[in-house]
Number of protein chains: 2
Amino acid sequence: MLTSETVSLFQDIVGSDNVILSTTGRLVYSYDATPNFQAMPDAVIAPRNTQEISQIVKVCSKHKIPIIPRGSGTNLAAGTIPSQGGIVLLFKNMNDILEIDEENLTVSLQPGVITLDMIKAVEKKGLFYPPDPSSMKISTIGGNINENSGGLRGLKYGVTRDYVLALEAVLPNGDIFRTGGKLAKDVAGYDLTRLLVGSEGTLAVITEATLKLVPMPATKKTLLALYQNMEAAAKTVSAIIASKIIPATLEFLDRPTLVAVEDFAKIGLPTDVEAVLLIEQDGSTENVMNDIKIIEQICKDEEAVSVQIAATETEALALTTARRAALSALARLKPTTILEDATVPRSEIAKMVKAINEIAEKHQVPIATFGHAGDGNLHPTCTTDARDHEEMERVEAAFEDIFAKAIELGGTITGEHGVGMMKAPYLEWKIGSEGIAIMKAIKHSFDPDNIMNPDKIFAKETRKRVVVT
Amino acid sequence: MLTSETVSLFQDIVGSDNVILSTTGRLVYSYDATPNFQAMPDAVIAPRNTQEISQIVKVCSKHKIPIIPRGSGTNLAAGTIPSQGGIVLLFKNMNDILEIDEENLTVSLQPGVITLDMIKAVEKKGLFYPPDPSSMKISTIGGNINENSGGLRGLKYGVTRDYVLALEAVLPNGDIFRTGGKLAKDVAGYDLTRLLVGSEGTLAVITEATLKLVPMPATKKTLLALYQNMEAAAKTVSAIIASKIIPATLEFLDRPTLVAVEDFAKIGLPTDVEAVLLIEQDGSTENVMNDIKIIEQICKDEEAVSVQIAATETEALALTTARRAALSALARLKPTTILEDATVPRSEIAKMVKAINEIAEKHQVPIATFGHAGDGNLHPTCTTDARDHEEMERVEAAFEDIFAKAIELGGTITGEHGVGMMKAPYLEWKIGSEGIAIMKAIKHSFDPDNIMNPDKIFAKETRKRVVVT
């Protein structure tokens, strides 16, 4: 609980209009897109600039008040739950694109900018920001940076981390500092920029960023290949890469996902096949035509039952929009949707999908799987009902098995969603006790009082993540 | 000094043949490629595997013995000087390429592998490792990772950091840990992989790495453009980027560098122009031909006095070899060569080169400048004589001015060489006292006893780097 003196201090810093104290107002920020996690913040504060954030953080530091920086709350790992109360920081007043620098190919902006708004702004100048998390229509850049968001184009273009050149941030003691610059090369000390990217708000509050842009590809082509077995689809993925082609996207949907997406989007997707690959290539017109022709042949050679190249941009857009709607489509089936992102080396996809299906069967839970086949980042998705505690125990057990299998295949527990509270109990499986010890030491070196987004990344006692509230 | 007991322990671990104790033997490892820094190690040890390194580190931890991991000692920032004695770790017995994985496009290897050997090995499989530090014929991958080495292809392809997917390392307490995987996406906690890349051996001993590869570009073309003034060359660089073309390399040489290189390499380079741009594009044949045509026209529009496209691969190779020989060529002129890597945003190159010339004039020291114009990474190079203390004072003052100017223009004190001992006194100019405080806290969290490559990155009292021995 905040004292009235502390509340007054916050109101003096940001103005009364930018402090939410009402129960209904705070309730909205008690959860994020992750099912089954909820906790009330003591206040929700929307600062207007970096100086105000520095002042707020100094108050929090003095009184040991937890700070939870929050973008649009679209994260799927319980990364923005105020589990110990404290204040949720909103960036709705810090949502300006500050500069698009066409000479250095950079965009500088505040954390509250919506990802897609920035992408559209730079595209008007013929520039391209490749990371495209599925939530990009509502997610913020600040959220993307804190979570190191991925997306469909990760295989060819990398993830958010690969595009962050410089950051301004406020440390847990209120100090403001800057990393990097409009520089392709900078080795002045440890790479603090990339240490902050993906740190899930546990080290500092990011207050400004400069991102790298690339020239917009001249053209793009989309291809849909249908398969009657998963192995053939996986072999296609390997064969494409072996042919030295890196497609812009190389997405996979299994039959349960297809059925849900078609029922939701009604664009004429087949629902009688076992797997679909959605493949996009971008670049110069010659390269794209050439690559798509080779990819088409590979799909046929690897026993695709049908290969269809989108004839128009509208048709292509419908296909990618359908893929992006997978989560929404699946979410309609049952009250609770748990979407995971166990990730394996590309060569292990077929094994992993097979294992997921066996695990679902073993625990008698419905799991649909889709995801980024090109980079091994899969989204096994369970539709369930959080009120059914017995079923939730089985869901939990199934995901435990899935994480263990991903690690066994040389993979990771999370490819793009982050650890948050949801996967904290499993982090040690991936990085070992030595890794946990180092990460805790780093956390302590930034934030000795543990006020920055507590309970994220590092687990408490239990291994169970299903919090029955 | 090591006790005879400690020496025996080391000999037991790695075998007597792998411990050098003689004065002449140790002398070889008392310096690296940086002028004016020298200090004797107490022993030089060449372990044969990770377990041996772990055992060595445990001995060092117990007795507080400094550990200096060393590749080929080609670094230019006094990054491998045993300034407090201790042991130099060599990786000559750990130089195996462990696996080239054509399905996941990765290479796994030990730190002692020579960069060019690895590049040649993967090229045989049609794969490409883009980072190409000028020292790649003798540098090791372990050294490249510790320094986050850059190279000529940084503009289009990024630097070493962008290709490190996974590491195995030994912590200062002897624990072995692993980060990352053969994964394009992995957000399981803080990005320890990239924290170790560029950490200059101050956090842990890197014992194995997995690097990302990309398909080999189908073709490559090289173009040489001559200018009678620097501004025209800089405007060309900006115009190429503004035309949405990112060349594979975009190198700049000024007249003093040209004269030295031509005198050394004798390939018929012009020595009567003020600046040369050496531009390479790679990719599909159509794209390369198309880009080179546009680049040629831009050079002409921006008042290049001559534009020449290399007709044959041999001719192209001669040009790039000449550029890579710049340091060796300049080093012949005087007993001491100090090559720096102040780096600015691409848009500021003309201003920076002009400032470097004015600073050289002001301090009456000869400075030749060449470097990576495309990514703003310049190499102002002073040929001097370390025995002339009065001149060295002026050289030092000139580089101080150069670093200050780079920072003023939004740049950094080091783009690709690292901080080492040489630039430690200037690091605070770039990252501020807050940045230094955080980096020191990170260092302390890994290495509380400061045994890992002490005196690098973090400065002692003095700002002067010219150590008169």
# chains A, B, ... in the order shown; residues from 1 in each chain; ligands from 1
>>> residues_around(residues="Asp96 in chain B", least_positions_apart="3", cutoff="10 Å", atoms="only C-alpha atoms", output="list in words")
Lys92, Asn93, Glu99, Ser108, Leu109, Gln110, Pro111, Gly112, Val113, Ile114, Met118 and Glu208 of chain B
>>> write_last_selection(atoms="N, CA, C and O atoms", output="PDB file, in the first residue's frame")
ATOM      1  N   LYS B  92      46.215 -22.745 -28.342  1.00  0.00           N
ATOM      2  CA  LYS B  92      46.793 -23.466 -29.475  1.00  0.00           C
ATOM      3  C   LYS B  92      46.430 -24.954 -29.471  1.00  0.00           C
ATOM      4  O   LYS B  92      46.454 -25.601 -30.512  1.00  0.00           O
ATOM      5  N   ASN B  93      46.085 -25.480 -28.277  1.00  0.00           N
ATOM      6  CA  ASN B  93      45.652 -26.879 -28.208  1.00  0.00           C
ATOM      7  C   ASN B  93      44.131 -27.022 -28.305  1.00  0.00           C
ATOM      8  O   ASN B  93      43.595 -28.116 -28.182  1.00  0.00           O
ATOM      9  N   GLU B  99      32.111 -28.816 -35.724  1.00  0.00           N
ATOM     10  CA  GLU B  99      30.985 -29.229 -36.566  1.00  0.00           C
ATOM     11  C   GLU B  99      30.562 -28.090 -37.485  1.00  0.00           C
ATOM     12  O   GLU B  99      30.483 -26.939 -37.058  1.00  0.00           O
ATOM     13  N   SER B 108      30.342 -24.902 -35.124  1.00  0.00           N
ATOM     14  CA  SER B 108      30.750 -24.948 -33.714  1.00  0.00           C
ATOM     15  C   SER B 108      32.245 -25.184 -33.674  1.00  0.00           C
ATOM     16  O   SER B 108      32.769 -26.010 -34.430  1.00  0.00           O
ATOM     17  N   LEU B 109      32.935 -24.459 -32.816  1.00  0.00           N
ATOM     18  CA  LEU B 109      34.386 -24.540 -32.836  1.00  0.00           C
ATOM     19  C   LEU B 109      35.006 -24.122 -31.523  1.00  0.00           C
ATOM     20  O   LEU B 109      34.346 -23.545 -30.670  1.00  0.00           O
ATOM     21  N   GLN B 110      36.286 -24.455 -31.387  1.00  0.00           N
ATOM     22  CA  GLN B 110      37.048 -24.068 -30.208  1.00  0.00           C
ATOM     23  C   GLN B 110      37.655 -22.686 -30.440  1.00  0.00           C
ATOM     24  O   GLN B 110      37.837 -22.265 -31.594  1.00  0.00           O
ATOM     25  N   PRO B 111      38.000 -21.988 -29.349  1.00  0.00           N
ATOM     26  CA  PRO B 111      38.425 -20.582 -29.498  1.00  0.00           C
ATOM     27  C   PRO B 111      39.735 -20.386 -30.257  1.00  0.00           C
ATOM     28  O   PRO B 111      39.965 -19.304 -30.801  1.00  0.00           O
ATOM     29  N   GLY B 112      40.573 -21.426 -30.327  1.00  0.00           N
ATOM     30  CA  GLY B 112      41.878 -21.244 -30.955  1.00  0.00           C
ATOM     31  C   GLY B 112      41.886 -21.327 -32.471  1.00  0.00           C
ATOM     32  O   GLY B 112      42.939 -21.163 -33.102  1.00  0.00           O
ATOM     33  N   VAL B 113      40.731 -21.584 -33.093  1.00  0.00           N
ATOM     34  CA  VAL B 113      40.688 -21.684 -34.558  1.00  0.00           C
ATOM     35  C   VAL B 113      40.997 -20.321 -35.181  1.00  0.00           C
ATOM     36  O   VAL B 113      40.473 -19.294 -34.743  1.00  0.00           O
ATOM     37  N   ILE B 114      41.869 -20.310 -36.192  1.00  0.00           N
ATOM     38  CA  ILE B 114      42.189 -19.075 -36.918  1.00  0.00           C
ATOM     39  C   ILE B 114      40.954 -18.669 -37.736  1.00  0.00           C
ATOM     40  O   ILE B 114      40.364 -19.502 -38.427  1.00  0.00           O
ATOM     41  N   MET B 118      38.521 -21.003 -40.525  1.00  0.00           N
ATOM     42  CA  MET B 118      37.094 -21.309 -40.393  1.00  0.00           C
ATOM     43  C   MET B 118      36.327 -20.799 -41.610  1.00  0.00           C
ATOM     44  O   MET B 118      35.482 -21.510 -42.165  1.00  0.00           O
ATOM     45  N   GLU B 208      34.219 -22.455 -26.021  1.00  0.00           N
ATOM     46  CA  GLU B 208      33.613 -23.027 -27.221  1.00  0.00           C
ATOM     47  C   GLU B 208      32.559 -22.053 -27.728  1.00  0.00           C
ATOM     48  O   GLU B 208      31.990 -21.291 -26.947  1.00  0.00           O
TER      49      GLU B 208
END
>>> residues_around(residues="Leu127 in chain B", least_positions_apart="6", cutoff="10 Å", atoms="only C-alpha atoms", output="list in words")
Lys244 of chain A; Ile100, Glu102, Leu105, Thr106, Val107, Ile119, Lys120, Ala121, Lys212, Leu213, Val214, Pro215, Met216 and Pro217 of chain B
>>> closest_residue(among="B:Ala331, B:Ala46, B:Val344, B:Ile145", to="chain A", atoms="only C-alpha atoms")
B:Val344
>>> select_by_dssp(residues="range 315-450 of chain B", states="alpha helix (DSSP H)", output="JSON, numbers by chain")
{"B": [315, 316, 317, 318, 319, 320, 321, 322, 323, 324, 326, 327, 328, 329, 330, 331, 349, 350, 351, 352, 353, 354, 355, 356, 357, 358, 359, 360, 361, 362, 363, 389, 390, 391, 392, 393, 394, 395, 396, 397, 398, 399, 400, 401, 402, 403, 404, 405, 406, 407, 408, 427, 428, 429, 430, 431, 432, 433, 434, 435, 436, 437, 438, 439, 440, 441, 442, 443, 444, 445, 446]}
>>> closest_atom_pairs(of="chain B", to="chain A", cutoff="7 Å", atoms="only C-alpha atoms", output="JSON lines")
{"residue": "B:Glu102", "atom": "CA", "partner": "A:Ala242", "partner_atom": "CA", "distance": 6.8}
{"residue": "B:Glu103", "atom": "CA", "partner": "A:Ser347", "partner_atom": "CA", "distance": 6.1}
{"residue": "B:Asn104", "atom": "CA", "partner": "A:Arg346", "partner_atom": "CA", "distance": 5.9}
{"residue": "B:Leu155", "atom": "CA", "partner": "A:Ala184", "partner_atom": "CA", "distance": 6.6}
{"residue": "B:Asp175", "atom": "CA", "partner": "A:Glu434", "partner_atom": "CA", "distance": 7.0}
{"residue": "B:Phe177", "atom": "CA", "partner": "A:Glu434", "partner_atom": "CA", "distance": 6.1}
{"residue": "B:Arg178", "atom": "CA", "partner": "A:Ile431", "partner_atom": "CA", "distance": 6.8}
{"residue": "B:Thr179", "atom": "CA", "partner": "A:Ile431", "partner_atom": "CA", "distance": 6.7}
{"residue": "B:Gly181", "atom": "CA", "partner": "A:Gly410", "partner_atom": "CA", "distance": 6.5}
{"residue": "B:Lys182", "atom": "CA", "partner": "A:Pro345", "partner_atom": "CA", "distance": 5.4}
{"residue": "B:Leu183", "atom": "CA", "partner": "A:Pro345", "partner_atom": "CA", "distance": 5.4}
{"residue": "B:Ala184", "atom": "CA", "partner": "A:Asp375", "partner_atom": "CA", "distance": 5.6}
{"residue": "B:Lys185", "atom": "CA", "partner": "A:Gly415", "partner_atom": "CA", "distance": 4.6}
{"residue": "B:Asp186", "atom": "CA", "partner": "A:Gly415", "partner_atom": "CA", "distance": 4.2}
{"residue": "B:Val187", "atom": "CA", "partner": "A:Gly418", "partner_atom": "CA", "distance": 5.3}
{"residue": "B:Ala188", "atom": "CA", "partner": "A:Thr414", "partner_atom": "CA", "distance": 5.8}
{"residue": "B:Gly189", "atom": "CA", "partner": "A:Ile457", "partner_atom": "CA", "distance": 6.2}
{"residue": "B:Tyr190", "atom": "CA", "partner": "A:Ser199", "partner_atom": "CA", "distance": 5.6}
{"residue": "B:Asp191", "atom": "CA", "partner": "A:Leu195", "partner_atom": "CA", "distance": 5.7}
{"residue": "B:Arg194", "atom": "CA", "partner": "A:Arg194", "partner_atom": "CA", "distance": 6.9}
{"residue": "B:Leu195", "atom": "CA", "partner": "A:Asp191", "partner_atom": "CA", "distance": 5.7}
{"residue": "B:Gly198", "atom": "CA", "partner": "A:Tyr190", "partner_atom": "CA", "distance": 6.5}
{"residue": "B:Ser199", "atom": "CA", "partner": "A:Tyr190", "partner_atom": "CA", "distance": 5.6}
{"residue": "B:Pro215", "atom": "CA", "partner": "A:Lys244", "partner_atom": "CA", "distance": 5.1}
{"residue": "B:Ser238", "atom": "CA", "partner": "A:Glu103", "partner_atom": "CA", "distance": 6.2}
{"residue": "B:Ile241", "atom": "CA", "partner": "A:Glu103", "partner_atom": "CA", "distance": 6.8}
{"residue": "B:Ala242", "atom": "CA", "partner": "A:Glu103", "partner_atom": "CA", "distance": 6.2}
{"residue": "B:Lys244", "atom": "CA", "partner": "A:Pro215", "partner_atom": "CA", "distance": 5.1}
{"residue": "B:Val344", "atom": "CA", "partner": "A:Leu183", "partner_atom": "CA", "distance": 6.7}
{"residue": "B:Pro345", "atom": "CA", "partner": "A:Lys182", "partner_atom": "CA", "distance": 5.4}
{"residue": "B:Arg346", "atom": "CA", "partner": "A:Asn104", "partner_atom": "CA", "distance": 5.9}
{"residue": "B:Ser347", "atom": "CA", "partner": "A:Glu103", "partner_atom": "CA", "distance": 6.1}
{"residue": "B:Asp375", "atom": "CA", "partner": "A:Ala184", "partner_atom": "CA", "distance": 5.6}
{"residue": "B:Asn377", "atom": "CA", "partner": "A:Lys185", "partner_atom": "CA", "distance": 7.0}
{"residue": "B:Gly410", "atom": "CA", "partner": "A:Gly181", "partner_atom": "CA", "distance": 6.5}
{"residue": "B:Gly411", "atom": "CA", "partner": "A:Gly181", "partner_atom": "CA", "distance": 6.7}
{"residue": "B:Thr412", "atom": "CA", "partner": "A:Asp186", "partner_atom": "CA", "distance": 6.4}
{"residue": "B:Ile413", "atom": "CA", "partner": "A:Ala188", "partner_atom": "CA", "distance": 6.7}
{"residue": "B:Thr414", "atom": "CA", "partner": "A:Ala188", "partner_atom": "CA", "distance": 5.8}
{"residue": "B:Gly415", "atom": "CA", "partner": "A:Asp186", "partner_atom": "CA", "distance": 4.2}
{"residue": "B:Glu416", "atom": "CA", "partner": "A:Val187", "partner_atom": "CA", "distance": 5.8}
{"residue": "B:Gly418", "atom": "CA", "partner": "A:Val187", "partner_atom": "CA", "distance": 5.3}
{"residue": "B:Val419", "atom": "CA", "partner": "A:Ala188", "partner_atom": "CA", "distance": 6.0}
{"residue": "B:Leu427", "atom": "CA", "partner": "A:Ala188", "partner_atom": "CA", "distance": 6.5}
{"residue": "B:Ile431", "atom": "CA", "partner": "A:Thr179", "partner_atom": "CA", "distance": 6.7}
{"residue": "B:Glu434", "atom": "CA", "partner": "A:Phe177", "partner_atom": "CA", "distance": 6.1}
{"residue": "B:Gly435", "atom": "CA", "partner": "A:Phe177", "partner_atom": "CA", "distance": 6.6}
{"residue": "B:Ile438", "atom": "CA", "partner": "A:Phe446", "partner_atom": "CA", "distance": 6.8}
{"residue": "B:Met439", "atom": "CA", "partner": "A:Tyr190", "partner_atom": "CA", "distance": 6.6}
{"residue": "B:Ala441", "atom": "CA", "partner": "A:Ser445", "partner_atom": "CA", "distance": 5.3}
{"residue": "B:Ile442", "atom": "CA", "partner": "A:Ile442", "partner_atom": "CA", "distance": 5.9}
{"residue": "B:Ser445", "atom": "CA", "partner": "A:Ala441", "partner_atom": "CA", "distance": 5.3}
{"residue": "B:Phe446", "atom": "CA", "partner": "A:Ile438", "partner_atom": "CA", "distance": 6.8}
{"residue": "B:Ile457", "atom": "CA", "partner": "A:Gly189", "partner_atom": "CA", "distance": 6.2}
>>> select_by_dssp(residues="range 148-271 of chain A", states="strand (DSSP E)", output="MDAnalysis selection string")
chainID A and resid 164:170 176:180 205:212 214:215 219:227 249:254
>>> closest_residue(among="A:Ile356, A:Ile87, A:Pro69, A:Cys299", to="Met40 in chain A", atoms="only C-alpha atoms")
A:Ile87
>>> residues_around(residues="Ser134 in chain A", least_positions_apart="6", cutoff="12 Å", atoms="only C-alpha atoms", output="tab-separated table (two decimals) with N, CA, C and O atoms, in the first residue's frame")
chain	number	residue	atom	x	y	z
A	74	THR	N	0.42	-7.02	-23.94
A	74	THR	CA	0.12	-8.15	-24.83
A	74	THR	C	1.02	-9.36	-24.57
A	74	THR	O	0.89	-10.37	-25.25
A	75	ASN	N	1.94	-9.23	-23.62
A	75	ASN	CA	2.87	-10.34	-23.41
A	75	ASN	C	2.17	-11.58	-22.91
A	75	ASN	O	1.12	-11.52	-22.27
A	76	LEU	N	2.76	-12.75	-23.21
A	76	LEU	CA	2.13	-14.04	-22.94
A	76	LEU	C	2.87	-14.84	-21.87
A	76	LEU	O	2.76	-16.05	-21.81
A	115	THR	N	3.92	-0.36	-32.30
A	115	THR	CA	4.86	-0.94	-33.26
A	115	THR	C	4.43	-0.67	-34.71
A	115	THR	O	5.23	-0.19	-35.53
A	116	LEU	N	3.18	-0.97	-35.02
A	116	LEU	CA	2.73	-0.84	-36.41
A	116	LEU	C	2.71	0.62	-36.87
A	116	LEU	O	2.98	0.91	-38.04
A	140	THR	N	3.58	-2.08	-28.01
A	140	THR	CA	4.42	-0.88	-28.10
A	140	THR	C	5.88	-1.28	-28.33
A	140	THR	O	6.28	-2.39	-28.02
A	144	ASN	N	8.16	-4.30	-26.90
A	144	ASN	CA	8.97	-5.15	-27.81
A	144	ASN	C	10.42	-5.22	-27.35
A	144	ASN	O	11.04	-6.28	-27.36
A	149	SER	N	11.07	-8.96	-28.63
A	149	SER	CA	10.03	-9.63	-29.42
A	149	SER	C	10.57	-10.17	-30.74
A	149	SER	O	11.46	-9.58	-31.35
A	150	GLY	N	9.98	-11.27	-31.15
A	150	GLY	CA	10.36	-11.89	-32.42
A	150	GLY	C	9.33	-11.57	-33.48
A	150	GLY	O	8.95	-10.42	-33.67
A	151	GLY	N	8.86	-12.59	-34.16
A	151	GLY	CA	7.87	-12.39	-35.21
A	151	GLY	C	8.10	-13.35	-36.34
A	151	GLY	O	8.93	-14.25	-36.27
A	152	LEU	N	7.36	-13.12	-37.42
A	152	LEU	CA	7.37	-14.05	-38.54
A	152	LEU	C	8.65	-13.93	-39.37
A	152	LEU	O	9.03	-14.86	-40.07
A	153	ARG	N	9.28	-12.77	-39.34
A	153	ARG	CA	10.43	-12.56	-40.21
A	153	ARG	C	11.78	-12.84	-39.53
A	153	ARG	O	12.83	-12.44	-40.03
A	154	GLY	N	11.74	-13.52	-38.36
A	154	GLY	CA	12.95	-13.74	-37.58
A	154	GLY	C	14.03	-14.51	-38.33
A	154	GLY	O	15.22	-14.22	-38.21
A	320	THR	N	-1.45	-14.20	-45.01
A	320	THR	CA	-0.64	-13.84	-43.84
A	320	THR	C	-1.53	-13.34	-42.71
A	320	THR	O	-1.25	-13.60	-41.54
A	321	THR	N	-2.60	-12.65	-43.04
A	321	THR	CA	-3.52	-12.20	-42.00
A	321	THR	C	-4.13	-13.40	-41.30
A	321	THR	O	-4.27	-13.42	-40.06
A	322	ALA	N	-4.47	-14.43	-42.07
A	322	ALA	CA	-5.02	-15.65	-41.48
A	322	ALA	C	-4.01	-16.26	-40.50
A	322	ALA	O	-4.36	-16.63	-39.37
A	323	ARG	N	-2.75	-16.31	-40.90
A	323	ARG	CA	-1.72	-16.85	-40.02
A	323	ARG	C	-1.61	-16.02	-38.74
A	323	ARG	O	-1.52	-16.54	-37.63
A	324	ARG	N	-1.63	-14.71	-38.92
A	324	ARG	CA	-1.50	-13.83	-37.75
A	324	ARG	C	-2.71	-13.95	-36.82
A	324	ARG	O	-2.63	-13.59	-35.65
A	325	ALA	N	-3.84	-14.45	-37.38
A	325	ALA	CA	-5.06	-14.56	-36.57
A	325	ALA	C	-5.10	-15.87	-35.80
A	325	ALA	O	-6.07	-16.15	-35.10
A	326	ALA	N	-4.05	-16.69	-35.91
A	326	ALA	CA	-4.11	-18.04	-35.31
A	326	ALA	C	-4.47	-18.00	-33.83
A	326	ALA	O	-5.34	-18.74	-33.37
A	327	LEU	N	-3.81	-17.13	-33.08
A	327	LEU	CA	-4.08	-17.07	-31.64
A	327	LEU	C	-5.52	-16.67	-31.37
A	327	LEU	O	-6.23	-17.32	-30.59
A	328	SER	N	-5.98	-15.59	-32.05
A	328	SER	CA	-7.37	-15.14	-31.85
A	328	SER	C	-8.34	-16.25	-32.21
A	328	SER	O	-9.36	-16.46	-31.53
A	371	GLY	N	3.46	-21.95	-35.96
A	371	GLY	CA	4.64	-21.18	-35.59
A	371	GLY	C	5.61	-20.99	-36.71
A	371	GLY	O	5.29	-21.21	-37.88
A	372	HIS	N	6.81	-20.57	-36.31
A	372	HIS	CA	7.81	-20.13	-37.25
A	372	HIS	C	8.74	-21.30	-37.55
A	372	HIS	O	9.76	-21.48	-36.90
A	379	HIS	N	4.62	-22.70	-31.65
A	379	HIS	CA	3.63	-22.26	-30.68
A	379	HIS	C	2.62	-23.36	-30.39
A	379	HIS	O	1.51	-23.33	-30.90
A	416	GLU	N	10.49	-16.36	-28.04
A	416	GLU	CA	10.20	-14.95	-28.26
A	416	GLU	C	9.25	-14.33	-27.24
A	416	GLU	O	9.06	-13.12	-27.25
A	417	HIS	N	8.67	-15.12	-26.34
A	417	HIS	CA	7.71	-14.54	-25.40
A	417	HIS	C	8.34	-14.01	-24.13
A	417	HIS	O	7.75	-13.17	-23.46
>>> atom_distance(atom1="CA of Thr312 in chain B", atom2="CA of Val261 in chain B")
20.8 Å
>>> residues_around(residues="Asp449 in chain A", least_positions_apart="5", cutoff="10 Å", atoms="only C-alpha atoms", output="ChimeraX atom specification")
/A:61-62,64-66,172-173,443-444,454
>>> closest_residue(among="A:Thr80, A:Thr369, A:Gln297, A:Gln51", to="Met94 in chain A", atoms="only C-alpha atoms")
A:Gln51
>>> residues_around(residues="range 265-275 of chain A", least_positions_apart="3", cutoff="8 Å", atoms="only C-alpha atoms", output="count of residues only")
19
